[in-house]
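Visitor: The structure is given below, and queries will be raised subsequently.
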Amino acid sequence: MTDHTAFAVHIPDADLAPDPLDPAQIVSGTPEVSGRVLWESPDGRQIRGIWQITPGVVTDTEADELFVVVSGRATIEVAGGPVLEVGPGDACVLREGDRTTWTVHETLRKAYHISLP
């Protein structure tokens, strides 16, 4: 969705599309990722959407992101930084270049806003 029409989406049961992980990111388990872009700026530098991951442990290099957890729980370890425990209702900010390890305890669904350089 890239138009500028106002809209509402019920995040807990919104349809998502598979978004396979790079196998090199999987540390343990068989986590599966899905998502849906709700809005993208014309220049592609701002993205808003919904993202979900099933239990397991994965690594990632983050973008500049704000997200709110809608359901599920995870522990996010930021290399050289804090360990974040997130669950329903929690807002989290990750910085561009943060190297993270996500331990997903219960399937986690979040609404996010990413800013790309």
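In the structure tokens, chains take the letters A, B, ... in the order shown, each chain's residues start at 1, and ligands count up from 1 in the order shown.
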Using only C-alpha atoms, which residues of range 10-62 of chain A come within 12 Å of range 68-74 of chain A, and what is the closest atom pair for each, with the distance in Å to one decimal? Give it as CSV, sorted by chain and residue number.
Guide:
```
residue,atom,partner,partner_atom,distance
A:His10,CA,A:Val70,CA,10.4
A:Ile11,CA,A:Val70,CA,7.4
A:Pro12,CA,A:Val70,CA,6.8
A:Asp13,CA,A:Val70,CA,10.4
A:Ala14,CA,A:Val70,CA,11.6
A:Arg48,CA,A:Val68,CA,11.6
A:Gly49,CA,A:Val68,CA,10.9
A:Ile50,CA,A:Val70,CA,9.6
A:Trp51,CA,A:Val69,CA,9.6
A:Gln52,CA,A:Ser71,CA,9.2
A:Ile53,CA,A:Gly72,CA,9.2
A:Thr54,CA,A:Gly72,CA,9.0
A:Pro55,CA,A:Ala74,CA,8.6
A:Gly56,CA,A:Ala74,CA,9.5
A:Val57,CA,A:Ala74,CA,9.4
A:Val58,CA,A:Ala74,CA,10.9
```
Visitor: Atoms to include: all heavy atoms. Write the selected residues as a tab-separated table (two decimals), in the first residue's frame.
Guide:
```
chain	number	residue	atom	x	y	z
A	10	HIS	N	-6.83	-3.84	11.68
A	10	HIS	CA	-6.85	-4.54	12.97
A	10	HIS	C	-5.62	-5.46	13.00
A	10	HIS	O	-5.61	-6.53	12.38
A	10	HIS	CB	-8.15	-5.33	13.14
A	10	HIS	CG	-8.31	-5.90	14.49
A	10	HIS	ND1	-8.48	-5.12	15.62
A	10	HIS	CD2	-8.29	-7.17	14.93
A	10	HIS	CE1	-8.58	-5.89	16.68
A	10	HIS	NE2	-8.46	-7.14	16.29
A	11	ILE	N	-4.57	-5.03	13.66
A	11	ILE	CA	-3.28	-5.69	13.61
A	11	ILE	C	-3.31	-7.15	14.09
A	11	ILE	O	-2.69	-8.01	13.47
A	11	ILE	CB	-2.23	-4.87	14.39
A	11	ILE	CG1	-2.04	-3.53	13.68
A	11	ILE	CG2	-0.91	-5.61	14.50
A	11	ILE	CD1	-1.28	-2.51	14.50
A	12	PRO	N	-4.03	-7.48	15.18
A	12	PRO	CA	-3.96	-8.87	15.66
A	12	PRO	C	-4.35	-9.94	14.65
A	12	PRO	O	-3.83	-11.04	14.70
A	12	PRO	CB	-4.90	-8.88	16.86
A	12	PRO	CG	-4.87	-7.46	17.35
A	12	PRO	CD	-4.79	-6.63	16.09
A	13	ASP	N	-5.25	-9.63	13.72
A	13	ASP	CA	-5.65	-10.67	12.77
A	13	ASP	C	-5.48	-10.25	11.31
A	13	ASP	O	-6.05	-10.84	10.41
A	13	ASP	CB	-7.07	-11.15	13.04
A	13	ASP	CG	-8.10	-10.03	12.98
A	13	ASP	OD1	-7.78	-8.92	12.53
A	13	ASP	OD2	-9.25	-10.28	13.39
A	14	ALA	N	-4.64	-9.25	11.05
A	14	ALA	CA	-4.37	-8.83	9.68
A	14	ALA	C	-3.65	-9.95	8.93
A	14	ALA	O	-2.81	-10.65	9.49
A	14	ALA	CB	-3.51	-7.56	9.67
A	48	ARG	N	6.07	1.65	7.00
A	48	ARG	CA	5.22	1.29	8.15
A	48	ARG	C	4.55	-0.04	7.83
A	48	ARG	O	4.09	-0.25	6.70
A	48	ARG	CB	4.16	2.36	8.38
A	48	ARG	CG	4.77	3.70	8.72
A	48	ARG	CD	3.74	4.79	8.80
A	48	ARG	NE	4.42	6.07	8.98
A	48	ARG	CZ	3.90	7.24	8.65
A	48	ARG	NH1	2.69	7.31	8.12
A	48	ARG	NH2	4.57	8.35	8.86
A	49	GLY	N	4.49	-0.90	8.81
A	49	GLY	CA	3.88	-2.19	8.53
A	49	GLY	C	3.68	-3.05	9.76
A	49	GLY	O	3.76	-2.58	10.90
A	50	ILE	N	3.41	-4.32	9.48
A	50	ILE	CA	3.18	-5.34	10.50
A	50	ILE	C	4.18	-6.46	10.22
A	50	ILE	O	4.42	-6.82	9.06
A	50	ILE	CB	1.75	-5.90	10.41
A	50	ILE	CG1	0.72	-4.77	10.55
A	50	ILE	CG2	1.51	-6.97	11.47
A	50	ILE	CD1	-0.70	-5.19	10.18
A	51	TRP	N	4.77	-7.00	11.27
A	51	TRP	CA	5.77	-8.06	11.15
A	51	TRP	C	5.52	-9.10	12.23
A	51	TRP	O	5.12	-8.76	13.34
A	51	TRP	CB	7.15	-7.43	11.32
A	51	TRP	CG	8.34	-8.29	11.13
A	51	TRP	CD1	8.94	-8.59	9.94
A	51	TRP	CD2	9.14	-8.92	12.14
A	51	TRP	NE1	10.07	-9.36	10.16
A	51	TRP	CE2	10.19	-9.58	11.50
A	51	TRP	CE3	9.04	-8.99	13.54
A	51	TRP	CZ2	11.15	-10.31	12.20
A	51	TRP	CZ3	9.99	-9.71	14.24
A	51	TRP	CH2	11.05	-10.35	13.57
A	52	GLN	N	5.75	-10.36	11.89
A	52	GLN	CA	5.54	-11.44	12.85
A	52	GLN	C	6.65	-12.48	12.72
A	52	GLN	O	7.13	-12.75	11.61
A	52	GLN	CB	4.19	-12.10	12.58
A	52	GLN	CG	3.88	-13.27	13.51
A	52	GLN	CD	2.47	-13.75	13.33
A	52	GLN	OE1	1.53	-13.08	13.74
A	52	GLN	NE2	2.30	-14.91	12.72
A	53	ILE	N	7.04	-13.05	13.88
A	53	ILE	CA	8.03	-14.12	13.89
A	53	ILE	C	7.60	-15.18	14.90
A	53	ILE	O	7.14	-14.85	15.99
A	53	ILE	CB	9.46	-13.57	14.21
A	53	ILE	CG1	10.50	-14.68	14.09
A	53	ILE	CG2	9.49	-12.87	15.56
A	53	ILE	CD1	11.94	-14.20	14.12
A	54	THR	N	7.76	-16.45	14.51
A	54	THR	CA	7.42	-17.56	15.40
A	54	THR	C	8.64	-17.88	16.28
A	54	THR	O	9.75	-17.40	16.01
A	54	THR	CB	6.99	-18.79	14.59
A	54	THR	OG1	8.08	-19.23	13.77
A	54	THR	CG2	5.76	-18.50	13.71
A	55	PRO	N	8.46	-18.69	17.34
A	55	PRO	CA	9.56	-18.94	18.28
A	55	PRO	C	10.84	-19.48	17.64
A	55	PRO	O	10.79	-20.25	16.67
A	55	PRO	CB	8.95	-19.95	19.25
A	55	PRO	CG	7.49	-19.60	19.26
A	55	PRO	CD	7.20	-19.28	17.81
A	56	GLY	N	11.94	-19.06	18.22
A	56	GLY	CA	13.27	-19.45	17.79
A	56	GLY	C	14.24	-18.34	18.14
A	56	GLY	O	13.88	-17.37	18.80
A	57	VAL	N	15.49	-18.50	17.71
A	57	VAL	CA	16.52	-17.50	17.96
A	57	VAL	C	17.13	-17.08	16.62
A	57	VAL	O	17.55	-17.94	15.83
A	57	VAL	CB	17.63	-18.05	18.90
A	57	VAL	CG1	18.69	-16.99	19.17
A	57	VAL	CG2	17.01	-18.54	20.22
A	58	VAL	N	17.14	-15.76	16.38
A	58	VAL	CA	17.67	-15.22	15.13
A	58	VAL	C	18.55	-14.00	15.40
A	58	VAL	O	18.42	-13.35	16.43
A	58	VAL	CB	16.54	-14.81	14.14
A	58	VAL	CG1	15.67	-16.00	13.78
A	58	VAL	CG2	15.69	-13.69	14.70
```
Visitor: Mind the document's chain letters and residue numbers, and return as a PyMOL selection string the residues of range 40-73 of chain A that DSSP labels strand (DSSP E).
Guide: chain A and resi 40+46-53+56-61+64-73
Visitor: Go ahead and write the selection's residues with N, CA and C atoms as a compact mmCIF listing (two decimals), in the first residue's frame.
Guide:
```txt
# COMPACT_ATOMS: atom_id res chain seq x y z
N GLU A 40 4.46 3.07 2.42
CA GLU A 40 5.86 3.35 2.12
C GLU A 40 5.92 4.74 1.49
N GLN A 46 10.83 5.64 4.25
CA GLN A 46 9.97 5.48 5.43
C GLN A 46 9.02 4.32 5.14
N ILE A 47 8.97 3.36 6.06
CA ILE A 47 8.13 2.18 5.85
C ILE A 47 7.36 1.91 7.14
N ARG A 48 6.07 1.65 7.00
CA ARG A 48 5.22 1.29 8.15
C ARG A 48 4.55 -0.04 7.83
N GLY A 49 4.49 -0.90 8.81
CA GLY A 49 3.88 -2.19 8.53
C GLY A 49 3.68 -3.05 9.76
N ILE A 50 3.41 -4.32 9.48
CA ILE A 50 3.18 -5.34 10.50
C ILE A 50 4.18 -6.46 10.22
N TRP A 51 4.77 -7.00 11.27
CA TRP A 51 5.77 -8.06 11.15
C TRP A 51 5.52 -9.10 12.23
N GLN A 52 5.75 -10.36 11.89
CA GLN A 52 5.54 -11.44 12.85
C GLN A 52 6.65 -12.48 12.72
N ILE A 53 7.04 -13.05 13.88
CA ILE A 53 8.03 -14.12 13.89
C ILE A 53 7.60 -15.18 14.90
N GLY A 56 11.94 -19.06 18.22
CA GLY A 56 13.27 -19.45 17.79
C GLY A 56 14.24 -18.34 18.14
N VAL A 57 15.49 -18.50 17.71
CA VAL A 57 16.52 -17.50 17.96
C VAL A 57 17.13 -17.08 16.62
N VAL A 58 17.14 -15.76 16.38
CA VAL A 58 17.67 -15.22 15.13
C VAL A 58 18.55 -14.00 15.40
N THR A 59 19.44 -13.70 14.46
CA THR A 59 20.26 -12.50 14.54
C THR A 59 19.81 -11.53 13.46
N ASP A 60 20.10 -10.25 13.66
CA ASP A 60 19.72 -9.24 12.67
C ASP A 60 20.61 -8.02 12.85
N THR A 61 20.71 -7.23 11.79
CA THR A 61 21.31 -5.90 11.86
C THR A 61 20.16 -4.94 11.60
N ASP A 64 16.79 1.97 11.67
CA ASP A 64 16.25 2.92 12.64
C ASP A 64 14.75 2.62 12.72
N GLU A 65 14.32 2.07 13.84
CA GLU A 65 12.95 1.54 13.93
C GLU A 65 12.31 1.84 15.28
N LEU A 66 11.02 2.13 15.21
CA LEU A 66 10.14 2.18 16.37
C LEU A 66 9.09 1.12 16.13
N PHE A 67 8.87 0.25 17.12
CA PHE A 67 7.78 -0.72 16.98
C PHE A 67 7.04 -0.87 18.29
N VAL A 68 5.80 -1.35 18.16
CA VAL A 68 4.95 -1.66 19.31
C VAL A 68 4.55 -3.12 19.19
N VAL A 69 4.79 -3.89 20.25
CA VAL A 69 4.42 -5.30 20.26
C VAL A 69 2.92 -5.42 20.51
N VAL A 70 2.27 -6.17 19.65
CA VAL A 70 0.83 -6.39 19.76
C VAL A 70 0.56 -7.69 20.50
N SER A 71 1.36 -8.73 20.21
CA SER A 71 1.20 -10.02 20.89
C SER A 71 2.54 -10.74 20.89
N GLY A 72 2.67 -11.68 21.82
CA GLY A 72 3.89 -12.47 21.92
C GLY A 72 4.94 -11.85 22.81
N ARG A 73 6.06 -12.58 22.95
CA ARG A 73 7.14 -12.13 23.83
C ARG A 73 8.49 -12.50 23.23
```
Visitor: Point out the residue among A:Arg99, A:His113, A:Arg36, A:Arg45 with the least atom-to-atom distance to Asp15 in chain A, counting only C-alpha atoms.
Guide: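 Ranking A:Arg99, A:His113, A:Arg36, A:Arg45 by distance to Asp15 in chain A, first place goes to A:Arg36.
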Visitor: List as a PDB file with all heavy atoms, in the first residue's frame the protein and nucleic acid residues near Thr100 in chain A, meaning an atom at most 12 Å away when only C-alpha atoms are counted, but skip any in the same chain fewer than 6 places from it.
Guide:
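For reference, selection-v2.pdb as written:
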```pdb
ATOM      1  N   GLN A  25      20.746 -16.236   9.380  1.00  0.00           N
ATOM      2  CA  GLN A  25      20.273 -15.485  10.544  1.00  0.00           C
ATOM      3  C   GLN A  25      19.749 -16.402  11.650  1.00  0.00           C
ATOM      4  O   GLN A  25      19.615 -15.974  12.786  1.00  0.00           O
ATOM      5  CB  GLN A  25      19.132 -14.542  10.148  1.00  0.00           C
ATOM      6  CG  GLN A  25      19.548 -13.379   9.290  1.00  0.00           C
ATOM      7  CD  GLN A  25      18.348 -12.497   8.990  1.00  0.00           C
ATOM      8  OE1 GLN A  25      17.726 -12.644   7.955  1.00  0.00           O
ATOM      9  NE2 GLN A  25      18.022 -11.603   9.906  1.00  0.00           N
ATOM     10  N   VAL A  27      19.745 -18.938  14.494  1.00  0.00           N
ATOM     11  CA  VAL A  27      20.669 -19.503  15.473  1.00  0.00           C
ATOM     12  C   VAL A  27      20.132 -20.837  15.974  1.00  0.00           C
ATOM     13  O   VAL A  27      20.869 -21.809  16.090  1.00  0.00           O
ATOM     14  CB  VAL A  27      20.878 -18.527  16.659  1.00  0.00           C
ATOM     15  CG1 VAL A  27      21.742 -19.160  17.743  1.00  0.00           C
ATOM     16  CG2 VAL A  27      21.475 -17.217  16.163  1.00  0.00           C
ATOM     17  N   VAL A  57      15.492 -18.499  17.707  1.00  0.00           N
ATOM     18  CA  VAL A  57      16.524 -17.501  17.962  1.00  0.00           C
ATOM     19  C   VAL A  57      17.128 -17.080  16.624  1.00  0.00           C
ATOM     20  O   VAL A  57      17.546 -17.939  15.832  1.00  0.00           O
ATOM     21  CB  VAL A  57      17.628 -18.051  18.900  1.00  0.00           C
ATOM     22  CG1 VAL A  57      18.687 -16.994  19.166  1.00  0.00           C
ATOM     23  CG2 VAL A  57      17.013 -18.541  20.216  1.00  0.00           C
ATOM     24  N   VAL A  58      17.143 -15.756  16.378  1.00  0.00           N
ATOM     25  CA  VAL A  58      17.668 -15.219  15.126  1.00  0.00           C
ATOM     26  C   VAL A  58      18.549 -14.002  15.404  1.00  0.00           C
ATOM     27  O   VAL A  58      18.417 -13.353  16.435  1.00  0.00           O
ATOM     28  CB  VAL A  58      16.544 -14.808  14.138  1.00  0.00           C
ATOM     29  CG1 VAL A  58      15.675 -15.998  13.779  1.00  0.00           C
ATOM     30  CG2 VAL A  58      15.692 -13.693  14.699  1.00  0.00           C
ATOM     31  N   THR A  59      19.441 -13.703  14.461  1.00  0.00           N
ATOM     32  CA  THR A  59      20.259 -12.495  14.544  1.00  0.00           C
ATOM     33  C   THR A  59      19.808 -11.528  13.456  1.00  0.00           C
ATOM     34  O   THR A  59      19.222 -11.930  12.444  1.00  0.00           O
ATOM     35  CB  THR A  59      21.751 -12.814  14.360  1.00  0.00           C
ATOM     36  OG1 THR A  59      21.950 -13.399  13.080  1.00  0.00           O
ATOM     37  CG2 THR A  59      22.247 -13.743  15.452  1.00  0.00           C
ATOM     38  N   ASP A  60      20.097 -10.249  13.661  1.00  0.00           N
ATOM     39  CA  ASP A  60      19.719  -9.240  12.674  1.00  0.00           C
ATOM     40  C   ASP A  60      20.613  -8.016  12.847  1.00  0.00           C
ATOM     41  O   ASP A  60      21.204  -7.802  13.909  1.00  0.00           O
ATOM     42  CB  ASP A  60      18.255  -8.834  12.860  1.00  0.00           C
ATOM     43  CG  ASP A  60      17.648  -8.179  11.627  1.00  0.00           C
ATOM     44  OD1 ASP A  60      18.288  -8.175  10.559  1.00  0.00           O
ATOM     45  OD2 ASP A  60      16.518  -7.672  11.737  1.00  0.00           O
ATOM     46  N   THR A  61      20.715  -7.227  11.788  1.00  0.00           N
ATOM     47  CA  THR A  61      21.307  -5.898  11.858  1.00  0.00           C
ATOM     48  C   THR A  61      20.159  -4.943  11.602  1.00  0.00           C
ATOM     49  O   THR A  61      19.496  -5.025  10.557  1.00  0.00           O
ATOM     50  CB  THR A  61      22.429  -5.718  10.823  1.00  0.00           C
ATOM     51  OG1 THR A  61      23.440  -6.699  11.091  1.00  0.00           O
ATOM     52  CG2 THR A  61      23.032  -4.321  10.921  1.00  0.00           C
ATOM     53  N   GLU A  62      19.908  -4.075  12.563  1.00  0.00           N
ATOM     54  CA  GLU A  62      18.681  -3.286  12.567  1.00  0.00           C
ATOM     55  C   GLU A  62      18.744  -2.018  11.729  1.00  0.00           C
ATOM     56  O   GLU A  62      19.812  -1.474  11.471  1.00  0.00           O
ATOM     57  CB  GLU A  62      18.324  -2.904  14.010  1.00  0.00           C
ATOM     58  CG  GLU A  62      18.152  -4.086  14.938  1.00  0.00           C
ATOM     59  CD  GLU A  62      17.021  -5.020  14.571  1.00  0.00           C
ATOM     60  OE1 GLU A  62      16.065  -4.586  13.881  1.00  0.00           O
ATOM     61  OE2 GLU A  62      17.069  -6.194  14.966  1.00  0.00           O
ATOM     62  N   ALA A  63      17.551  -1.555  11.365  1.00  0.00           N
ATOM     63  CA  ALA A  63      17.346  -0.232  10.783  1.00  0.00           C
ATOM     64  C   ALA A  63      16.937   0.687  11.932  1.00  0.00           C
ATOM     65  O   ALA A  63      16.748   0.233  13.070  1.00  0.00           O
ATOM     66  CB  ALA A  63      16.240  -0.289   9.734  1.00  0.00           C
ATOM     67  N   ALA A  74       9.473 -11.611  23.450  1.00  0.00           N
ATOM     68  CA  ALA A  74      10.838 -11.884  22.989  1.00  0.00           C
ATOM     69  C   ALA A  74      11.841 -11.174  23.885  1.00  0.00           C
ATOM     70  O   ALA A  74      11.514 -10.188  24.549  1.00  0.00           O
ATOM     71  CB  ALA A  74      11.018 -11.419  21.546  1.00  0.00           C
ATOM     72  N   THR A  75      13.052 -11.697  23.878  1.00  0.00           N
ATOM     73  CA  THR A  75      14.198 -11.053  24.497  1.00  0.00           C
ATOM     74  C   THR A  75      15.090 -10.613  23.353  1.00  0.00           C
ATOM     75  O   THR A  75      15.442 -11.426  22.494  1.00  0.00           O
ATOM     76  CB  THR A  75      14.954 -12.037  25.413  1.00  0.00           C
ATOM     77  OG1 THR A  75      14.058 -12.528  26.411  1.00  0.00           O
ATOM     78  CG2 THR A  75      16.141 -11.360  26.081  1.00  0.00           C
ATOM     79  N   ILE A  76      15.436  -9.320  23.320  1.00  0.00           N
ATOM     80  CA  ILE A  76      16.282  -8.780  22.263  1.00  0.00           C
ATOM     81  C   ILE A  76      17.588  -8.332  22.907  1.00  0.00           C
ATOM     82  O   ILE A  76      17.587  -7.427  23.744  1.00  0.00           O
ATOM     83  CB  ILE A  76      15.610  -7.583  21.550  1.00  0.00           C
ATOM     84  CG1 ILE A  76      14.221  -7.969  21.033  1.00  0.00           C
ATOM     85  CG2 ILE A  76      16.500  -7.068  20.427  1.00  0.00           C
ATOM     86  CD1 ILE A  76      13.371  -6.772  20.627  1.00  0.00           C
ATOM     87  N   GLU A  77      18.673  -8.996  22.535  1.00  0.00           N
ATOM     88  CA  GLU A  77      19.993  -8.623  23.044  1.00  0.00           C
ATOM     89  C   GLU A  77      20.664  -7.735  21.998  1.00  0.00           C
ATOM     90  O   GLU A  77      20.843  -8.152  20.862  1.00  0.00           O
ATOM     91  CB  GLU A  77      20.844  -9.866  23.281  1.00  0.00           C
ATOM     92  CG  GLU A  77      20.269 -10.796  24.333  1.00  0.00           C
ATOM     93  CD  GLU A  77      21.075 -12.079  24.450  1.00  0.00           C
ATOM     94  OE1 GLU A  77      22.301 -11.976  24.686  1.00  0.00           O
ATOM     95  OE2 GLU A  77      20.483 -13.151  24.285  1.00  0.00           O
ATOM     96  N   VAL A  78      21.013  -6.511  22.405  1.00  0.00           N
ATOM     97  CA  VAL A  78      21.714  -5.580  21.515  1.00  0.00           C
ATOM     98  C   VAL A  78      23.205  -5.707  21.814  1.00  0.00           C
ATOM     99  O   VAL A  78      23.625  -5.499  22.958  1.00  0.00           O
ATOM    100  CB  VAL A  78      21.227  -4.124  21.740  1.00  0.00           C
ATOM    101  CG1 VAL A  78      21.967  -3.169  20.826  1.00  0.00           C
ATOM    102  CG2 VAL A  78      19.709  -4.021  21.541  1.00  0.00           C
ATOM    103  N   ALA A  79      24.000  -6.062  20.796  1.00  0.00           N
ATOM    104  CA  ALA A  79      25.447  -6.218  20.996  1.00  0.00           C
ATOM    105  C   ALA A  79      26.029  -4.925  21.556  1.00  0.00           C
ATOM    106  O   ALA A  79      25.808  -3.846  21.004  1.00  0.00           O
ATOM    107  CB  ALA A  79      26.116  -6.583  19.677  1.00  0.00           C
ATOM    108  N   GLY A  80      26.745  -5.040  22.685  1.00  0.00           N
ATOM    109  CA  GLY A  80      27.342  -3.872  23.314  1.00  0.00           C
ATOM    110  C   GLY A  80      26.332  -2.951  23.962  1.00  0.00           C
ATOM    111  O   GLY A  80      26.663  -1.821  24.321  1.00  0.00           O
ATOM    112  N   GLY A  81      25.088  -3.415  24.104  1.00  0.00           N
ATOM    113  CA  GLY A  81      24.034  -2.570  24.661  1.00  0.00           C
ATOM    114  C   GLY A  81      23.125  -3.350  25.584  1.00  0.00           C
ATOM    115  O   GLY A  81      23.522  -4.367  26.157  1.00  0.00           O
ATOM    116  N   PRO A  82      21.888  -2.903  25.706  1.00  0.00           N
ATOM    117  CA  PRO A  82      20.970  -3.511  26.665  1.00  0.00           C
ATOM    118  C   PRO A  82      20.365  -4.824  26.187  1.00  0.00           C
ATOM    119  O   PRO A  82      20.457  -5.181  25.008  1.00  0.00           O
ATOM    120  CB  PRO A  82      19.869  -2.446  26.788  1.00  0.00           C
ATOM    121  CG  PRO A  82      19.848  -1.795  25.439  1.00  0.00           C
ATOM    122  CD  PRO A  82      21.296  -1.766  25.006  1.00  0.00           C
ATOM    123  N   VAL A  83      19.768  -5.529  27.141  1.00  0.00           N
ATOM    124  CA  VAL A  83      18.917  -6.686  26.856  1.00  0.00           C
ATOM    125  C   VAL A  83      17.492  -6.205  27.095  1.00  0.00           C
ATOM    126  O   VAL A  83      17.160  -5.729  28.188  1.00  0.00           O
ATOM    127  CB  VAL A  83      19.261  -7.885  27.765  1.00  0.00           C
ATOM    128  CG1 VAL A  83      18.281  -9.028  27.541  1.00  0.00           C
ATOM    129  CG2 VAL A  83      20.698  -8.339  27.526  1.00  0.00           C
ATOM    130  N   LEU A  84      16.664  -6.297  26.056  1.00  0.00           N
ATOM    131  CA  LEU A  84      15.298  -5.782  26.118  1.00  0.00           C
ATOM    132  C   LEU A  84      14.308  -6.932  26.192  1.00  0.00           C
ATOM    133  O   LEU A  84      14.352  -7.843  25.365  1.00  0.00           O
ATOM    134  CB  LEU A  84      15.019  -4.937  24.862  1.00  0.00           C
ATOM    135  CG  LEU A  84      16.070  -3.865  24.545  1.00  0.00           C
ATOM    136  CD1 LEU A  84      15.823  -3.287  23.158  1.00  0.00           C
ATOM    137  CD2 LEU A  84      16.056  -2.783  25.607  1.00  0.00           C
ATOM    138  N   LEU A  94      14.993   0.713  18.085  1.00  0.00           N
ATOM    139  CA  LEU A  94      16.276   0.143  17.702  1.00  0.00           C
ATOM    140  C   LEU A  94      16.960   1.131  16.776  1.00  0.00           C
ATOM    141  O   LEU A  94      16.296   1.873  16.053  1.00  0.00           O
ATOM    142  CB  LEU A  94      16.078  -1.205  17.001  1.00  0.00           C
ATOM    143  CG  LEU A  94      15.437  -2.281  17.879  1.00  0.00           C
ATOM    144  CD1 LEU A  94      15.100  -3.510  17.044  1.00  0.00           C
ATOM    145  CD2 LEU A  94      16.339  -2.654  19.043  1.00  0.00           C
TER     146      LEU A  94
END
```
Visitor: Take CA of Val86 in chain A and CA of Gly44 in chain A and report the distance between them in Å, one decimal.
Guide: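 One can read the CA of Val86 in chain A to CA of Gly44 in chain A distance as 27.7 Å.
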Visitor: Report, in Å with one decimal, the straight-line distance from CA of Ala8 in chain A to CA of Leu38 in chain A.
Guide: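 About the pair CA of Ala8 in chain A and CA of Leu38 in chain A: they are 9.8 Å apart.
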